[in-house]
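*Asks:* This is the structure I have questions about; it appears just below.
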Amino acid sequence: MYDEREQSPEHGPLAGFTVGVTAARRADELGALLERRGAAVLHAPALRIVPLSDDSELLAATKEIIGRAPDIAVTTTAIGFRGWVEAADGWGLGEDLLERLRGVRILARGPKVKGAIRAAGLTEEWSPVSESMAEVLDRLLEEGVDGLRIAVQLHGEPLPGFVESLRAGGAEVVGVPVYRWLPPEDIGPVDRLIDALVARTLDAVTFTSAPAAASLLSRAEERGLLDDLLAALGHDVLPACVGPVTALPLQARGVDTVQPERFRLGPLVQLLCRELPSRARTLPVAGHRVEIRGHAVLVDGGLRPVPPAGMSLLRALSRKPGWVVSRAELLRALPGAGRDEHAVETAMARLRTALGAPKLIQTVVKRGYRLALDPAADTKYDAAV
């Protein structure tokens with residue numbers, strides 16, 4: 001019999017799972033973090049970033065701030081702030097911008113942007129411990145903003161409610177769009193990602209910006225697949241967002257998401273390392289511990305990759321553990337199998353070979369197949385069925 005304490009798997013915690021990555025920026029970093037933990041990664045940037053030096057909106061905002069200094073500047077991301085200064089340098093306005101900001105109260109969302117501010121020779125007045133824009137907003141409104149001119153560094157997202165709340169409090173707000181999102185030039189990868197989500201061949205999909213989530217939903221709607229996509233995200237594919245602002249377009253469509261406590265890529269990956277294995281189906285079968293993952297199975301802790309047809313059969317059997325599943329029902333579970341039950345026999349033979357333990361699945365003559373659930377578990381799983 002298996003003993004869970006004796007297992008010392010050499011694979012990563014995400015082995016056997018496939019994760020979609022929608023990020024345009026830092027996608028390679030996120031993909032590498034996932035792959036190092038064993039995941040297969042499907043990358044489809046759901047948007048592209050307009051280079052700062054080419055952005056006429058940022059140039060206009062920079063000139064406006066140099067021409068008339070704000071009372072307060074709210075900075076949100078390090079890469080955005082550094083890019084702003086670099087773009088201003090490229091326009092010959094860098095020194096003028098920094099000189100203007102030296103007389104301004106600067107609020108920084110978190111430690112990374114604090115570092116960027118200080119590297120530019122400036123000093124922030126305050127930064128929230130929570131790294132939350134909500135805390136920044138609360139502080140400003142408590143102090144009072146009526147009559148103040150406030151520059152807000154936008155970072156791709158519209159910061160829902162932030163700018164509106166400041167204006168409702170009587171502030172004049174100057175938005176600084178340090179980079180802008182546009183649809184990807186090549187929509188093919190996004191379509192393939194949507195198809196994979198609808199087909200449930202992904203186990204999770206990650207979002208690191210609200211525009212990426214909105215772009216994916218918009219493209220699915222254009223293709224007439226929005227309802228199918230929402231159904232997949234609501235039940236079978238785990239949507240993981242780097243933070244609450246990123247999750248807003250999904251929540252607006254009724255999709256629940258998971259988010260790390262710290263809004264960083266590392267904690268996002270750690271969250272997936274906990275969530276995905278906890279969602280996998282684990283059964284005691286023929287003296288073995290069988291854990292059914294996305295495209296692979298752990299048998300006593302050992303990773304066994306399984307072809308897609310075999311995974312379809314195994315999932316059908318696992319929905320009725322210990323019970324006989326007819327060939328006809330298994331045929332319906334096979335994608336594109338047609339009407340020939342011989343396809344079930346062929347796929348079953350490959351499945352048994354892939355599992356490396358043929359006795360896990362029993363043939364019941366003239367009836368079908370069953371998972372050889374351990375007798376001690378029969379009562380529990382019979383009741384569940």
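Chain identifiers are assigned as A, B, and so on, following the order in which chains appear in the structure tokens; residues are numbered from 1 within each chain, and ligands are numbered from 1 in order of appearance.
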Please run DSSP on the backbone and report, as a PyMOL selection string, all residues within stretch 44-176 of chain A that come out as helix (DSSP H, G or I).
*Replies:* chain A and resi 52-54+56-67+78-90+94-101+111-119+133-143+162-168
*Asks:* Please identify all polymer residues within 12 Å of stretch 82-98 of chain A, counting only C-alpha atoms, omitting same-chain residues fewer than 2 positions from it, and present them as a ChimeraX atom specification.
*Replies:* /A:50-70,73,75-80,100-104,106,112-123,153-155,176-179
*Asks:* Could you list, as an NGL selection string, every residue within 10 Å of stretch 256-271 of chain A, counting only C-alpha atoms and ignoring same-chain residues fewer than 2 positions away?
*Replies:* :A and (13-14 or 26-27 or 29-31 or 33-34 or 37 or 130-132 or 206-208 or 233-235 or 238-244 or 246-248 or 250-254 or 273-276)
*Asks:* Find, counting only C-alpha atoms, the residue in A:Ile292, A:Ala168, A:Val136, A:Ala343 that gets nearest to A:Ile72.
*Replies:*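 Closest candidate: A:Val136.
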*Asks:* If we count only C-alpha atoms and set the cut-off at 7 Å, which residues sit around A:Arg200, ignoring sequence neighbours fewer than 3 positions away in its own chain? Please answer as a list in words.
*Replies:*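 Listing them by chain and then by number gives Ala196, Leu197, Ala232, Asp236 and Val237 of chain A.
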*Asks:* Keeping only all heavy atoms, write those residues as a short mmCIF file (atom, residue, chain, number, x, y, z; two decimals), in the first residue's frame.
*Replies:*
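Below is the file that was written, part08.cif:
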data_model
loop_
_atom_site.label_atom_id
_atom_site.label_comp_id
_atom_site.auth_asym_id
_atom_site.auth_seq_id
_atom_site.Cartn_x
_atom_site.Cartn_y
_atom_site.Cartn_z
N ALA A 196 -8.17 27.34 -25.96
CA ALA A 196 -7.69 26.42 -24.93
C ALA A 196 -8.49 26.57 -23.64
O ALA A 196 -8.80 25.58 -22.96
CB ALA A 196 -6.21 26.66 -24.66
N LEU A 197 -8.87 27.80 -23.31
CA LEU A 197 -9.68 28.03 -22.11
C LEU A 197 -11.06 27.40 -22.27
O LEU A 197 -11.54 26.72 -21.36
CB LEU A 197 -9.81 29.53 -21.86
CG LEU A 197 -8.57 30.25 -21.32
CD1 LEU A 197 -8.72 31.76 -21.45
CD2 LEU A 197 -8.33 29.87 -19.86
N ALA A 232 -16.02 28.58 -18.40
CA ALA A 232 -14.76 27.90 -18.11
C ALA A 232 -14.05 28.53 -16.92
O ALA A 232 -13.56 27.83 -16.02
CB ALA A 232 -13.85 27.91 -19.33
N ASP A 236 -13.93 25.58 -14.21
CA ASP A 236 -12.89 24.59 -14.50
C ASP A 236 -11.47 25.17 -14.57
O ASP A 236 -10.51 24.47 -14.25
CB ASP A 236 -13.20 23.90 -15.82
CG ASP A 236 -14.56 23.22 -15.78
OD1 ASP A 236 -14.75 22.34 -14.93
OD2 ASP A 236 -15.43 23.59 -16.58
N VAL A 237 -11.33 26.41 -15.02
CA VAL A 237 -10.01 27.02 -15.15
C VAL A 237 -9.86 28.10 -14.08
O VAL A 237 -10.73 28.95 -13.94
CB VAL A 237 -9.82 27.63 -16.55
CG1 VAL A 237 -8.41 28.21 -16.69
CG2 VAL A 237 -10.06 26.59 -17.63
#
*Asks:* Using only C-alpha atoms, which of the listed residues (A:Ala372, A:Val365, A:Ala212, A:Ala23) sits closest to A:Val290?
*Replies:*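 Looking only at the distances to A:Val290, the closest residue turns out to be A:Ala372.
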*Asks:* Which is closer to A:Arg48 than all the others in A:Ala354, A:Val163, A:Ala32, A:Leu182, using only C-alpha atoms?
*Replies:*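 Checking each of A:Ala354, A:Val163, A:Ala32, A:Leu182 against A:Arg48, counting only C-alpha atoms, the winner is A:Leu182.
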*Asks:* Could you go through stretch 177-214 of chain A and tell me which residues DSSP, when run on the backbone, assigns to strand (DSSP E), listing them as a VMD selection string?
*Replies:* chain A and resid 177 180 to 182 204 to 207
*Asks:* If we count only C-alpha atoms, what is near stretch 220-228 of chain A at a cut-off of 8 Å, once residues fewer than 2 positions away on the same chain are taken out, given as a PyMOL selection string?
*Replies:* chain A and resi 191+194+198+216-218+230-232
*Asks:* Enter the distance from atom CA of A:Leu42 to atom CA of A:Val299, in Å, rounded to one decimal.
*Replies:*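 Result for atom CA of A:Leu42 versus atom CA of A:Val299: 25.2 Å, one decimal.
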*Asks:* Using only C-alpha atoms, which protein or nucleic acid residues come within 10 Å of stretch 327-331 of chain A? Drop anything in the same chain fewer than 4 positions from it, and give the result as a ChimeraX atom specification.
*Replies:* /A:312-317,335-345,347-348,366-369
*Asks:* I need the residue nearest A:Ala213 from this list: A:Pro249, A:Pro305, A:Gly356, A:Pro284. Use only C-alpha atoms for the distance.
*Replies:*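 Between A:Pro249, A:Pro305, A:Gly356, A:Pro284, the residue approaching A:Ala213 most closely is A:Pro249.
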*Asks:* Measure the distance from atom CA of A:Ala280 to atom CA of A:Ile361 in Å and round it to one decimal.
*Replies:*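 Calculated distance between atom CA of A:Ala280 and atom CA of A:Ile361 is 18.8 Å.
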*Asks:* Which residue, A:His295, A:Arg109, A:Arg219, A:Arg167, has the smallest gap to A:Gly310 when you use only C-alpha atoms?
*Replies:*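 Using only C-alpha atoms, A:Gly310 sits closest to A:His295.
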*Asks:* Which is closer to A:Leu272 than all the others in A:Leu166, A:Val21, A:Ala204, A:Ala349, using only C-alpha atoms?
*Replies:* A:Ala204
*Asks:* Atom CA of A:Arg105 and atom CA of A:Ile150 are how many Å apart?
*Replies:*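 Distance reported for this atom pair: 9.5 Å.
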